[in-house]
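The next block is data_27.txt, given as compact mmCIF, C-alpha atoms.
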# COMPACT_ATOMS: atom_id res chain seq x y z
CA MET A 14 -19.82 3.18 6.27
CA LYS A 15 -16.20 2.32 7.00
CA ALA A 16 -13.49 4.90 6.45
CA GLU A 17 -11.40 4.96 3.30
CA LEU A 18 -7.69 5.25 3.92
CA ASN A 19 -5.10 7.55 2.50
CA ALA A 20 -2.64 5.32 0.64
CA THR A 21 0.33 6.72 2.52
CA ASP A 22 -1.18 5.75 5.87
CA GLU A 23 -2.46 2.37 4.78
CA PHE A 24 -0.91 -1.04 4.53
CA TYR A 25 -2.91 -3.65 2.70
CA PHE A 26 -2.77 -7.43 3.07
CA GLN A 27 -4.45 -9.75 0.59
CA TRP A 28 -4.80 -12.97 2.53
CA HIS A 29 -5.64 -16.19 0.74
CA ILE A 30 -6.80 -18.36 3.61
CA THR A 31 -7.29 -21.30 1.24
CA GLU A 32 -6.66 -22.13 -2.39
CA ARG A 33 -9.48 -24.65 -2.44
CA CYS A 34 -12.37 -23.56 -4.63
CA ASN A 35 -15.74 -24.87 -5.70
CA LYS A 36 -15.33 -23.30 -9.15
CA HIS A 37 -12.93 -23.91 -11.98
CA CYS A 38 -12.82 -20.59 -13.81
CA ARG A 39 -10.99 -20.56 -17.11
CA HIS A 40 -9.02 -17.41 -16.40
CA CYS A 41 -8.03 -18.12 -12.79
CA TYR A 42 -4.49 -17.25 -11.68
CA GLN A 43 -4.36 -20.46 -9.65
CA ASN A 44 -2.86 -23.52 -11.25
CA GLY A 45 -5.35 -25.99 -9.78
CA HIS A 46 -2.92 -27.49 -7.26
CA PRO A 47 -3.86 -25.91 -3.94
CA THR A 48 -1.35 -25.73 -1.09
CA GLU A 49 -2.33 -27.09 2.31
CA ASP A 50 -4.43 -24.85 4.55
CA LEU A 51 -3.09 -23.70 7.91
CA PRO A 52 -5.15 -24.60 10.99
CA LEU A 53 -6.92 -21.77 12.80
CA ALA A 54 -4.24 -21.50 15.49
CA LYS A 55 -1.58 -20.86 12.84
CA LEU A 56 -3.85 -18.40 11.04
CA GLY A 57 -3.98 -16.53 14.35
CA LEU A 58 -0.18 -16.35 14.34
CA VAL A 59 -0.30 -14.88 10.82
CA LEU A 60 -2.63 -12.21 12.13
CA ASP A 61 -0.24 -11.56 15.05
CA ARG A 62 2.58 -10.92 12.56
CA MET A 63 0.43 -8.52 10.58
CA GLU A 64 -0.57 -6.62 13.71
CA GLU A 65 3.03 -6.45 14.94
CA ALA A 66 4.13 -4.86 11.65
CA LEU A 67 1.25 -2.39 11.54
CA VAL A 68 2.00 -1.20 15.07
CA LYS A 69 5.72 -0.84 14.36
CA TRP A 70 5.12 1.01 11.09
CA ASP A 71 2.31 3.10 12.56
CA ARG A 72 0.12 2.21 9.58
CA GLN A 73 -3.60 1.55 9.48
CA GLY A 74 -4.21 -1.91 8.14
CA SER A 75 -6.70 -3.09 5.61
CA LEU A 76 -7.18 -6.68 4.69
CA SER A 77 -8.93 -8.76 2.08
CA PHE A 78 -9.87 -12.29 3.01
CA THR A 79 -9.92 -14.40 -0.10
CA GLY A 80 -9.09 -17.75 -1.62
CA GLY A 81 -9.68 -19.99 -3.54
CA GLU A 82 -13.14 -19.55 -2.20
CA PRO A 83 -12.88 -18.20 1.36
CA PHE A 84 -16.35 -19.39 2.41
CA ILE A 85 -15.12 -22.97 2.00
CA ARG A 86 -13.43 -22.20 5.33
CA ARG A 87 -16.48 -20.47 6.73
CA THR A 88 -15.79 -21.30 10.39
CA GLU A 89 -12.22 -20.05 10.22
CA LEU A 90 -13.23 -17.01 8.18
CA PHE A 91 -15.76 -15.85 10.75
CA ALA A 92 -13.33 -16.55 13.60
CA LEU A 93 -10.68 -14.43 11.88
CA MET A 94 -13.11 -11.61 11.17
CA ASP A 95 -14.14 -11.61 14.84
CA ARG A 96 -10.49 -11.24 15.79
CA VAL A 97 -9.76 -8.48 13.30
CA ASP A 98 -12.82 -6.65 14.61
CA GLN A 99 -10.93 -6.39 17.92
CA ILE A 100 -7.55 -5.26 16.53
CA PRO A 101 -7.23 -1.45 16.55
CA SER A 102 -4.54 -1.45 13.85
CA PHE A 103 -7.01 -2.69 11.27
CA THR A 104 -9.47 -0.14 9.94
CA TYR A 105 -11.49 -2.47 7.78
CA TYR A 106 -11.48 -5.68 5.80
CA ASP A 107 -13.15 -6.93 2.64
CA ILE A 108 -14.05 -10.41 1.48
CA LEU A 109 -13.26 -11.41 -2.10
CA THR A 110 -15.49 -14.33 -3.06
CA ASN A 111 -17.24 -15.91 -6.00
CA GLY A 112 -20.46 -15.47 -4.03
CA SER A 113 -21.78 -18.97 -4.64
CA LEU A 114 -21.75 -19.99 -0.96
CA ILE A 115 -23.41 -16.83 0.38
CA SER A 116 -26.85 -17.81 1.59
CA GLY A 117 -29.32 -15.54 3.36
CA ASP A 118 -28.02 -16.79 6.72
CA ILE A 119 -24.44 -16.00 5.83
CA ALA A 120 -25.37 -12.57 4.51
CA ALA A 121 -27.14 -11.88 7.81
CA ALA A 122 -24.11 -13.02 9.79
CA LEU A 123 -21.84 -10.82 7.70
CA LYS A 124 -23.92 -7.80 8.59
CA ASP A 125 -22.78 -8.27 12.21
CA GLN A 126 -19.08 -8.03 11.38
CA ARG A 127 -18.04 -4.65 12.69
CA LYS A 128 -15.15 -3.85 10.34
CA LEU A 129 -16.39 -5.53 7.19
CA ARG A 130 -16.28 -2.77 4.59
CA ARG A 131 -17.56 -4.63 1.56
CA VAL A 132 -17.95 -7.99 -0.08
CA GLN A 133 -16.55 -8.29 -3.57
CA VAL A 134 -18.04 -10.88 -5.89
CA SER A 135 -16.97 -11.67 -9.43
CA LEU A 136 -19.01 -11.39 -12.60
CA GLU A 137 -17.63 -11.61 -16.11
CA GLY A 138 -20.53 -10.24 -18.11
CA SER A 139 -24.03 -8.84 -18.19
CA ALA A 140 -25.63 -12.21 -18.94
CA SER A 141 -25.11 -15.85 -18.15
CA ALA A 142 -23.89 -16.68 -21.65
CA ILE A 143 -20.68 -14.71 -21.14
CA ASN A 144 -20.23 -15.20 -17.42
CA ASP A 145 -20.93 -18.92 -17.31
CA ALA A 146 -18.67 -19.68 -20.25
CA ILE A 147 -15.82 -18.55 -18.00
CA ARG A 148 -17.03 -19.38 -14.49
CA GLY A 149 -19.22 -22.43 -15.10
CA ASP A 150 -22.89 -23.16 -15.65
CA GLY A 151 -25.23 -21.50 -13.16
CA SER A 152 -22.57 -19.14 -11.83
CA TYR A 153 -24.25 -15.98 -13.08
CA GLN A 154 -27.49 -16.68 -11.26
CA GLU A 155 -25.67 -17.77 -8.09
CA THR A 156 -23.73 -14.53 -8.01
CA LEU A 157 -26.81 -12.39 -8.66
CA ASP A 158 -28.62 -14.25 -5.87
CA ALA A 159 -25.71 -13.53 -3.52
CA ILE A 160 -25.71 -9.84 -4.47
CA ARG A 161 -29.43 -9.62 -3.76
CA GLU A 162 -29.16 -11.43 -0.42
CA MET A 163 -26.41 -9.07 0.67
CA LYS A 164 -28.05 -5.88 -0.60
CA ARG A 165 -31.30 -6.89 1.11
CA ARG A 166 -29.37 -6.87 4.39
CA GLY A 167 -27.65 -3.57 3.77
CA LEU A 168 -24.16 -4.86 3.02
CA THR A 169 -21.83 -2.95 0.74
CA VAL A 170 -21.19 -5.02 -2.38
CA SER A 171 -18.72 -4.60 -5.22
CA VAL A 172 -18.20 -6.55 -8.40
CA MET A 173 -14.86 -7.34 -9.97
CA THR A 174 -14.44 -8.35 -13.58
CA THR A 175 -11.41 -9.79 -15.28
CA ILE A 176 -11.24 -8.14 -18.67
CA SER A 177 -10.28 -9.95 -21.84
CA ARG A 178 -11.32 -10.08 -25.49
CA PHE A 179 -13.98 -12.48 -24.35
CA ASN A 180 -15.95 -9.86 -22.41
CA TYR A 181 -14.59 -6.34 -22.90
CA GLN A 182 -17.28 -5.22 -25.31
CA ASP A 183 -19.91 -6.26 -22.79
CA ILE A 184 -18.55 -4.18 -19.88
CA PRO A 185 -20.87 -1.16 -20.41
CA ALA A 186 -23.87 -3.52 -20.36
CA LEU A 187 -22.55 -5.19 -17.23
CA ILE A 188 -22.27 -1.81 -15.50
CA GLU A 189 -25.94 -1.18 -16.36
CA VAL A 190 -26.88 -4.47 -14.68
CA LEU A 191 -24.87 -3.52 -11.61
CA ASN A 192 -26.61 -0.14 -11.41
CA ASP A 193 -29.96 -1.91 -11.59
CA GLU A 194 -28.95 -4.35 -8.85
CA GLY A 195 -27.78 -1.57 -6.54
CA VAL A 196 -24.17 -2.76 -6.53
CA ASP A 197 -22.03 -0.18 -4.79
CA ALA A 198 -18.78 -0.39 -6.73
CA PHE A 199 -17.27 -1.93 -9.82
CA ALA A 200 -13.62 -2.72 -10.47
CA MET A 201 -11.75 -4.35 -13.31
CA GLU A 202 -8.53 -6.30 -13.44
CA ARG A 203 -6.77 -7.21 -16.63
CA LEU A 204 -6.47 -10.90 -17.47
CA ILE A 205 -2.96 -12.09 -16.64
CA PRO A 206 -1.84 -15.19 -18.56
CA GLU A 207 -0.87 -17.23 -15.50
CA GLY A 208 -2.22 -20.34 -13.81
CA ARG A 209 -5.24 -21.60 -15.70
CA GLY A 210 -5.35 -18.20 -17.41
CA GLU A 211 -2.24 -19.21 -19.33
CA SER A 212 -4.47 -21.15 -21.73
CA PHE A 213 -6.50 -17.97 -22.22
CA ARG A 214 -3.51 -15.98 -23.48
CA ASP A 215 -5.05 -15.35 -26.89
CA GLN A 216 -7.79 -13.41 -25.12
CA LEU A 217 -5.42 -10.69 -23.86
CA LEU A 218 -6.49 -7.27 -25.08
CA SER A 219 -4.21 -5.43 -27.46
CA PRO A 220 -3.06 -1.98 -26.29
CA LYS A 221 -5.50 -0.40 -28.75
CA GLU A 222 -8.42 -2.47 -27.43
CA LEU A 223 -7.52 -1.67 -23.83
CA LYS A 224 -7.30 2.05 -24.59
CA LYS A 225 -10.73 1.99 -26.17
CA LEU A 226 -12.19 0.13 -23.21
CA TYR A 227 -10.60 2.38 -20.56
CA GLU A 228 -11.76 5.50 -22.38
CA SER A 229 -15.32 4.22 -22.57
CA ILE A 230 -15.29 3.18 -18.89
CA TYR A 231 -14.00 6.61 -17.90
CA GLU A 232 -16.85 8.23 -19.83
CA ILE A 233 -19.34 6.03 -17.97
CA ALA A 234 -17.67 6.82 -14.64
CA LEU A 235 -18.10 10.54 -15.27
CA GLN A 236 -21.88 10.01 -15.42
CA LYS A 237 -21.68 9.16 -11.69
CA LYS A 238 -24.48 6.65 -11.62
CA SER A 239 -25.18 4.70 -8.44
CA THR A 240 -22.47 2.11 -8.99
CA ARG A 241 -19.14 3.78 -8.32
CA ILE A 242 -16.52 2.78 -10.88
CA LEU A 243 -13.10 2.28 -9.35
CA LEU A 244 -10.45 3.58 -11.69
CA TYR A 245 -7.32 3.33 -9.57
CA ARG A 246 -5.36 0.85 -11.61
CA PRO A 247 -2.14 1.22 -13.62
CA LEU A 248 -2.58 2.60 -17.17
CA PHE A 249 -5.89 4.30 -16.31
CA THR A 250 -3.93 7.46 -15.67
CA LEU A 251 -3.22 7.67 -19.42
CA VAL A 252 -6.91 8.25 -20.06
CA ALA A 253 -7.19 11.32 -17.87
CA PRO A 254 -3.76 12.45 -16.60
CA ASP A 255 -5.18 15.52 -14.88
CA ASP A 256 -7.93 13.69 -13.00
CA SER A 257 -6.55 12.58 -9.62
CA SER A 258 -9.35 10.05 -9.14
CA VAL A 259 -8.04 8.08 -12.10
CA GLY A 260 -5.10 5.69 -12.10
CA ALA A 261 -2.81 4.69 -9.27
CA LEU A 262 0.67 3.52 -8.67
CA CYS A 263 0.71 -0.22 -8.16
CA SER A 264 0.96 -1.01 -4.44
CA VAL A 265 3.66 -3.67 -4.91
CA GLY A 266 6.66 -2.73 -2.80
CA ASN A 267 4.87 0.37 -1.54
CA ASN A 268 2.13 -0.60 0.86
CA ALA A 269 0.85 -4.11 0.22
CA LEU A 270 1.68 -7.79 0.46
CA THR A 271 -0.10 -11.01 -0.39
CA VAL A 272 -0.12 -13.93 2.05
CA MET A 273 -0.87 -17.40 0.74
CA PRO A 274 -2.59 -20.26 2.61
CA ASP A 275 0.69 -21.74 3.89
CA GLY A 276 2.12 -18.35 4.89
CA THR A 277 4.18 -17.84 1.74
CA VAL A 278 4.37 -14.15 0.87
CA TYR A 279 4.17 -12.77 -2.66
CA PRO A 280 4.59 -9.14 -3.76
CA CYS A 281 1.11 -9.50 -5.29
CA ARG A 282 -1.14 -12.48 -5.99
CA ARG A 283 -0.71 -11.81 -9.66
CA LEU A 284 3.08 -11.78 -9.26
CA PRO A 285 3.61 -15.14 -7.54
CA ILE A 286 7.33 -14.90 -6.79
CA PRO A 287 7.87 -16.16 -3.22
CA ILE A 288 9.69 -13.55 -1.12
CA GLY A 289 9.48 -15.35 2.22
CA ASN A 290 7.07 -16.89 4.67
CA ILE A 291 5.26 -14.76 7.20
CA LEU A 292 5.51 -17.44 9.90
CA THR A 293 9.14 -18.44 9.49
CA ASP A 294 10.71 -15.19 8.24
CA GLY A 295 8.41 -12.54 9.67
CA LEU A 296 7.29 -9.44 7.83
CA PHE A 297 10.21 -7.20 8.77
CA SER A 298 12.74 -9.39 7.02
CA ILE A 299 10.55 -9.73 3.95
CA TRP A 300 9.58 -6.08 3.65
CA TYR A 301 13.03 -4.64 4.37
CA ASP A 302 15.28 -7.11 2.64
CA SER A 303 13.50 -8.73 -0.32
CA GLU A 304 15.62 -8.30 -3.43
CA VAL A 305 12.49 -8.50 -5.58
CA LEU A 306 10.76 -5.69 -3.70
CA TRP A 307 13.83 -3.45 -3.82
CA LYS A 308 14.20 -4.03 -7.53
CA ILE A 309 10.57 -3.04 -8.09
CA ARG A 310 10.82 0.00 -5.81
CA ASN A 311 13.56 1.52 -7.92
CA PRO A 312 12.11 3.13 -11.08
CA GLU A 313 15.61 3.12 -12.58
CA ASN A 314 15.15 -0.63 -13.06
CA LEU A 315 12.10 -0.24 -15.32
CA LYS A 316 12.63 -1.13 -18.95
CA GLY A 317 11.18 -0.32 -22.34
CA LYS A 318 8.60 2.42 -22.51
CA CYS A 319 8.06 2.28 -18.73
CA TYR A 320 11.62 3.54 -18.14
CA GLY A 321 11.59 7.29 -17.74
CA CYS A 322 7.88 7.53 -18.56
CA GLU A 323 6.39 10.92 -17.78
CA TYR A 324 3.65 9.20 -15.74
CA LEU A 325 5.99 7.40 -13.31
CA ALA A 326 4.42 9.19 -10.35
CA SER A 327 1.01 7.65 -11.05
CA CYS A 328 1.71 4.57 -13.19
CA ARG A 329 4.56 2.12 -13.50
CA GLY A 330 2.51 -0.43 -15.39
CA CYS A 331 1.57 -3.85 -14.08
CA ARG A 332 4.65 -5.83 -13.08
CA ALA A 333 2.70 -9.09 -13.19
CA MET A 334 1.59 -8.47 -16.77
CA ALA A 335 5.21 -7.72 -17.71
CA TYR A 336 6.37 -10.89 -15.96
CA PHE A 337 3.92 -13.26 -17.58
CA CYS A 338 4.29 -11.78 -21.04
CA SER A 339 8.09 -11.43 -21.11
CA GLY A 340 9.53 -13.35 -18.14
CA ASP A 341 10.91 -10.06 -16.73
CA TYR A 342 8.86 -8.25 -14.12
CA MET A 343 10.72 -5.00 -14.82
CA ALA A 344 9.89 -5.06 -18.54
CA GLU A 345 7.43 -2.58 -19.99
CA ASP A 346 3.73 -3.22 -19.53
CA PRO A 347 2.86 -4.89 -22.85
CA GLN A 348 -0.65 -3.44 -22.87
CA CYS A 349 0.44 0.19 -22.59
CA TRP A 350 -0.69 2.14 -25.64
CA ARG A 351 1.78 5.03 -25.37
CA MET B 9 32.35 8.49 23.26
CA LEU B 10 33.54 5.28 21.62
CA ALA B 11 37.24 4.68 22.24
CA LEU B 12 38.60 3.15 19.06
CA LYS B 13 41.97 1.52 18.44
CA PRO B 14 43.57 1.65 14.97
CA GLY B 15 43.02 -2.05 14.14
CA GLU B 16 39.57 -2.25 15.69
CA THR B 17 36.52 -2.97 13.57
CA LEU B 18 32.94 -2.02 14.26
CA THR B 19 30.03 -4.15 13.06
CA LEU B 20 26.44 -3.62 12.11
CA GLU B 21 24.15 -4.79 14.90
CA LEU B 22 22.57 -8.17 14.32
CA GLY B 23 19.62 -7.87 11.93
CA ILE B 24 20.59 -4.49 10.47
CA VAL B 25 20.37 -4.29 6.67
CA LEU B 26 21.17 -1.33 4.44
CA HIS B 27 19.28 -0.25 1.35
CA SER B 28 19.43 2.80 -0.85
CA LEU B 29 17.80 4.28 -3.92
CA PRO B 30 20.26 7.07 -4.72
CA GLY B 31 18.10 8.41 -7.54
CA GLN B 32 15.32 8.98 -5.02
CA ASN B 33 17.72 10.23 -2.33
CA TRP B 34 16.67 7.30 -0.14
CA TYR B 35 19.21 5.89 2.30
CA TYR B 36 17.98 3.53 4.99
CA ALA B 37 19.09 1.13 7.69
CA PHE B 38 16.50 -1.41 8.81
CA SER B 39 16.38 -3.94 11.59
CA VAL B 40 14.76 -7.12 10.35
CA ILE B 41 14.51 -8.24 13.99
CA THR B 42 12.88 -5.26 15.72
CA GLY B 43 11.33 -3.65 12.66
CA ASP B 44 13.02 -0.32 13.38
CA GLN B 45 13.89 1.81 10.38
CA PHE B 46 16.36 4.67 10.19
CA ARG B 47 16.38 7.24 7.43
CA LEU B 48 19.98 8.23 6.79
CA ASN B 49 21.87 10.87 4.91
CA GLN B 50 24.39 9.91 2.27
CA THR B 51 27.33 10.32 4.65
CA SER B 52 25.88 8.03 7.31
CA PHE B 53 25.06 5.47 4.64
CA TRP B 54 28.62 5.58 3.30
CA VAL B 55 30.00 4.96 6.80
CA LEU B 56 27.62 2.09 7.48
CA GLU B 57 28.41 0.45 4.15
CA ALA B 58 32.10 0.62 5.00
CA ILE B 59 31.46 -0.87 8.44
CA SER B 60 29.39 -3.65 6.92
CA LYS B 61 32.48 -4.66 4.93
CA GLY B 62 34.53 -5.11 8.10
CA ILE B 63 36.81 -2.10 7.63
CA GLU B 64 39.30 -1.27 10.40
CA TRP B 65 38.93 2.03 12.24
CA VAL B 66 42.15 3.47 10.85
CA HIS B 67 41.06 2.76 7.27
CA LEU B 68 37.54 3.98 7.92
CA LYS B 69 38.95 7.28 9.08
CA GLU B 70 41.26 7.57 6.07
CA GLY B 71 38.50 6.69 3.65
CA PHE B 72 36.10 9.14 5.25
CA LEU B 73 38.56 12.03 5.02
CA ALA B 74 39.25 11.24 1.38
CA ALA B 75 35.63 10.74 0.40
CA PHE B 76 34.29 13.90 1.94
CA GLU B 77 37.35 16.15 1.54
CA VAL B 78 37.42 17.55 5.06
CA SER B 79 40.37 18.47 7.23
CA ALA B 80 41.81 15.64 9.34
CA GLU B 81 40.85 17.22 12.63
CA GLN B 82 37.32 18.21 11.67
CA GLY B 83 36.71 14.98 9.74
CA GLU B 84 37.72 12.74 12.62
CA ALA B 85 35.56 14.72 15.03
CA ASP B 86 32.55 14.47 12.69
CA LEU B 87 33.09 10.77 12.13
CA ARG B 88 33.41 10.03 15.85
CA LYS B 89 30.24 12.00 16.56
CA LEU B 90 28.39 10.08 13.87
CA LEU B 91 29.63 6.72 15.17
CA ASP B 92 28.49 7.63 18.66
CA GLU B 93 25.01 8.35 17.35
CA LEU B 94 24.87 5.13 15.35
CA TYR B 95 26.06 3.21 18.40
CA GLU B 96 23.46 4.81 20.65
CA GLN B 97 20.73 3.95 18.18
CA LYS B 98 21.96 0.34 18.15
CA ILE B 99 22.70 0.40 14.44
CA ILE B 100 26.33 -0.50 15.04
CA GLY B 101 28.11 -2.46 17.74
CA ARG B 102 31.61 -3.67 18.44
Represent the structure contained in this file as structure tokens.
Amino acid sequence: MKAELNATDEFYFQWHITERCNKHCRHCYQNGHPTEDLPLAKLGLVLDRMEEALVKWDRQGSLSFTGGEPFIRRTELFALMDRVDQIPSFTYYDILTNGSLISGDIAAALKDQRKLRRVQVSLEGSASAINDAIRGDGSYQETLDAIREMKRRGLTVSVMTTISRFNYQDIPALIEVLNDEGVDAFAMERLIPEGRGESFRDQLLSPKELKKLYESIYEIALQKKSTRILLYRPLFTLVAPDDSSVGALCSVGNNALTVMPDGTVYPCRRLPIPIGNILTDGLFSIWYDSEVLWKIRNPENLKGKCYGCEYLASCRGCRAMAYFCSGDYMAEDPQCWR
Amino acid sequence: MLALKPGETLTLELGIVLHSLPGQNWYYAFSVITGDQFRLNQTSFWVLEAISKGIEWVHLKEGFLAAFEVSAEQGEADLRKLLDELYEQKIIGR
């Protein structure tokens, strides 16, 4: 079991090593026009920049390798994991994948990666009818097969679901499936109407629907079944303000950055505003001098019901949701039910 | 101690940027080259902001005395001490 990090000591990188994907999910935040991949040597330089920053800031690093579908670059992915295994500044890494390319052999190879904390796969519902309508025919079974291959080999597996009107009523049933499959953790992200997901905009939950869902998920989480339900997302704090395991300040501008396949850096993958390039600008310039990050860091810049909210210490809403619903990333979170 | 002539200007060292969130009582100088970060008090931040605008020493001194309402003698001594520290830490140069 790899250590969990205290947020104040941690710095998190979400690293999209490719935007190429073997799926074409209806809600994806990509726009279907992948940028060019960097060769392995350049990926190594990206890792050097990350390590340099972690050492200077005296932070413990965590990293998610993702895509696109990261196993499309299987050779590079394993080479990078081998390297991160040797870098003291990184405590652990995860892989975020659709799971479709994880065979028994790959699952066995993953088991040998020293700092791999968990593999996150995506499922959109408790049955193929819901999942495959979003992720494509056969996806549900492929993902379940991947979960079983990985669990058989003792890997830690989590499932992430993008919630929308299309699937939110099915989430309790999905959690039951995950318990039955021995999945270790379950997380949800709200559908953001960006990329291909833009055409899915009518499936955004209303504030009332989201409140109902979050309350029901919290009730399930309290039952503490085998699948741990991860509740540290903006707005969750409204459900149980006195429960410190619920809700979390968004990491944008605080302790996280997203790196794209060509080195472009975003505040978050869901907030795709370029704030520099890790190879040409370096992380110090981006982190210390990005106008976007400084605007987000200052709660005085929040607008609407987010401005002056009594929950500012544990929730400032989702800036990406604000951006894609209003064009202003400092606007109020349109799904907040307060 | 830095010997300063009336018309002389100091500069921020190459790569130093200043940022503040006054509502949070956050005042910082950062080096985008070395990655060093310096937490400042409001006074130091005021001085660095003035230096970043290319102010001459004589005007910096006048502005400092007016802004912080200290006696001329004590104010100049405090300002010189502060500038020495900023210079030693390679936040400012000349």
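Nearest to Gly15 (chain B) of all the residues B:Glu64, B:Ile100, B:Ala85, B:Ala80 is B:Glu64, based on all atoms listed in the file.
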* **12 Å contact set for region 96-98 of chain B, only C-alpha atoms, chain neighbours under 6 positions out, as a PyMOL selection string** => chain B and resi 9-10+18-24+37-39+42+44-46+89-90
* **All residues 7 Å or closer to Pro220 (chain A), only C-alpha atoms, same chain fewer than 6 positions away omitted, as a ChimeraX atom specification** => /A:348-350
Output for the residues just chosen: C-alpha atoms as a CSV table (one decimal), in the frame of the given file:
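Contents of selection-v6.csv, freshly written:
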chain,number,residue,atom,x,y,z
A,348,GLN,CA,-0.6,-3.4,-22.9
A,349,CYS,CA,0.4,0.2,-22.6
A,350,TRP,CA,-0.7,2.1,-25.6
* Structure fact -> One decimal place gives the CA of Ser139 (chain A)-CA of Lys224 (chain A) separation as 21.0 Å
* Asked: Can you tell me, as a PyMOL selection string, what residues are no more than 12 Å from Tyr301 (chain A) when counting only C-alpha atoms, ignoring any on the same chain fewer than 5 positions away?
  -> (chain A and resi 66+70+266-267+288-289+294-296+306-308+310) or (chain B and resi 23-28+36-46)
Please produce an output containing C-alpha atoms for each residue in the selection, written as an mmCIF file, in the coordinates of the input.
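Here's the written file part-v1.cif:
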data_model
loop_
_atom_site.group_PDB
_atom_site.id
_atom_site.type_symbol
_atom_site.label_atom_id
_atom_site.label_comp_id
_atom_site.auth_asym_id
_atom_site.auth_seq_id
_atom_site.Cartn_x
_atom_site.Cartn_y
_atom_site.Cartn_z
ATOM 1 C CA ALA A 66 4.130 -4.860 11.650
ATOM 2 C CA TRP A 70 5.120 1.010 11.090
ATOM 3 C CA GLY A 266 6.660 -2.730 -2.800
ATOM 4 C CA ASN A 267 4.870 0.370 -1.540
ATOM 5 C CA ILE A 288 9.690 -13.550 -1.120
ATOM 6 C CA GLY A 289 9.480 -15.350 2.220
ATOM 7 C CA ASP A 294 10.710 -15.190 8.240
ATOM 8 C CA GLY A 295 8.410 -12.540 9.670
ATOM 9 C CA LEU A 296 7.290 -9.440 7.830
ATOM 10 C CA LEU A 306 10.760 -5.690 -3.700
ATOM 11 C CA TRP A 307 13.830 -3.450 -3.820
ATOM 12 C CA LYS A 308 14.200 -4.030 -7.530
ATOM 13 C CA ARG A 310 10.820 0.000 -5.810
ATOM 14 C CA GLY B 23 19.620 -7.870 11.930
ATOM 15 C CA ILE B 24 20.590 -4.490 10.470
ATOM 16 C CA VAL B 25 20.370 -4.290 6.670
ATOM 17 C CA LEU B 26 21.170 -1.330 4.440
ATOM 18 C CA HIS B 27 19.280 -0.250 1.350
ATOM 19 C CA SER B 28 19.430 2.800 -0.850
ATOM 20 C CA TYR B 36 17.980 3.530 4.990
ATOM 21 C CA ALA B 37 19.090 1.130 7.690
ATOM 22 C CA PHE B 38 16.500 -1.410 8.810
ATOM 23 C CA SER B 39 16.380 -3.940 11.590
ATOM 24 C CA VAL B 40 14.760 -7.120 10.350
ATOM 25 C CA ILE B 41 14.510 -8.240 13.990
ATOM 26 C CA THR B 42 12.880 -5.260 15.720
ATOM 27 C CA GLY B 43 11.330 -3.650 12.660
ATOM 28 C CA ASP B 44 13.020 -0.320 13.380
ATOM 29 C CA GLN B 45 13.890 1.810 10.380
ATOM 30 C CA PHE B 46 16.360 4.670 10.190
#
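Excluding Tyr35 (chain B) itself and any same-chain residue fewer than 5 positions from it, the protein and nucleic acid residues within 8 Å of it, counting only C-alpha atoms, are Leu26, His27, Ser28, Leu29, Pro30, Arg47, Leu48, Asn49, Gln50 and Phe53 of chain B.
The coordinates place CA of Ser141 (chain A) at 25.6 Å from CA of Asp107 (chain A).
Comparing the minimum interatomic distances between chain A and each of B:Asp92, B:Trp34, B:Gly71, B:Ile63, counting all atoms listed in the file, we find that B:Trp34 sits nearest.
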Rebuild N, CA and C atoms on region 61-70 of chain B, as a short mmCIF file (atom, residue, chain, number, x, y, z; two decimals), keeping the file's coordinate frame?
data_model
loop_
_atom_site.label_atom_id
_atom_site.label_comp_id
_atom_site.auth_asym_id
_atom_site.auth_seq_id
_atom_site.Cartn_x
_atom_site.Cartn_y
_atom_site.Cartn_z
N LYS B 61 31.44 -3.89 5.63
CA LYS B 61 32.48 -4.66 4.93
C LYS B 61 33.64 -5.03 5.85
N GLY B 62 33.51 -4.70 7.13
CA GLY B 62 34.53 -5.11 8.10
C GLY B 62 35.78 -4.24 8.09
N ILE B 63 35.64 -2.98 7.73
CA ILE B 63 36.81 -2.10 7.63
C ILE B 63 37.37 -1.76 9.03
N GLU B 64 38.68 -1.65 9.12
CA GLU B 64 39.30 -1.27 10.40
C GLU B 64 39.15 0.24 10.61
N TRP B 65 39.14 0.63 11.89
CA TRP B 65 38.93 2.03 12.24
C TRP B 65 39.90 2.96 11.51
N VAL B 66 41.15 2.58 11.47
CA VAL B 66 42.15 3.47 10.85
C VAL B 66 41.84 3.69 9.37
N HIS B 67 41.38 2.64 8.70
CA HIS B 67 41.06 2.76 7.27
C HIS B 67 39.71 3.47 7.06
N LEU B 68 38.82 3.27 8.00
CA LEU B 68 37.54 3.98 7.92
C LEU B 68 37.78 5.49 7.98
N LYS B 69 38.63 5.86 8.90
CA LYS B 69 38.95 7.28 9.08
C LYS B 69 39.62 7.85 7.82
N GLU B 70 40.56 7.11 7.29
CA GLU B 70 41.26 7.57 6.07
C GLU B 70 40.29 7.70 4.90
#
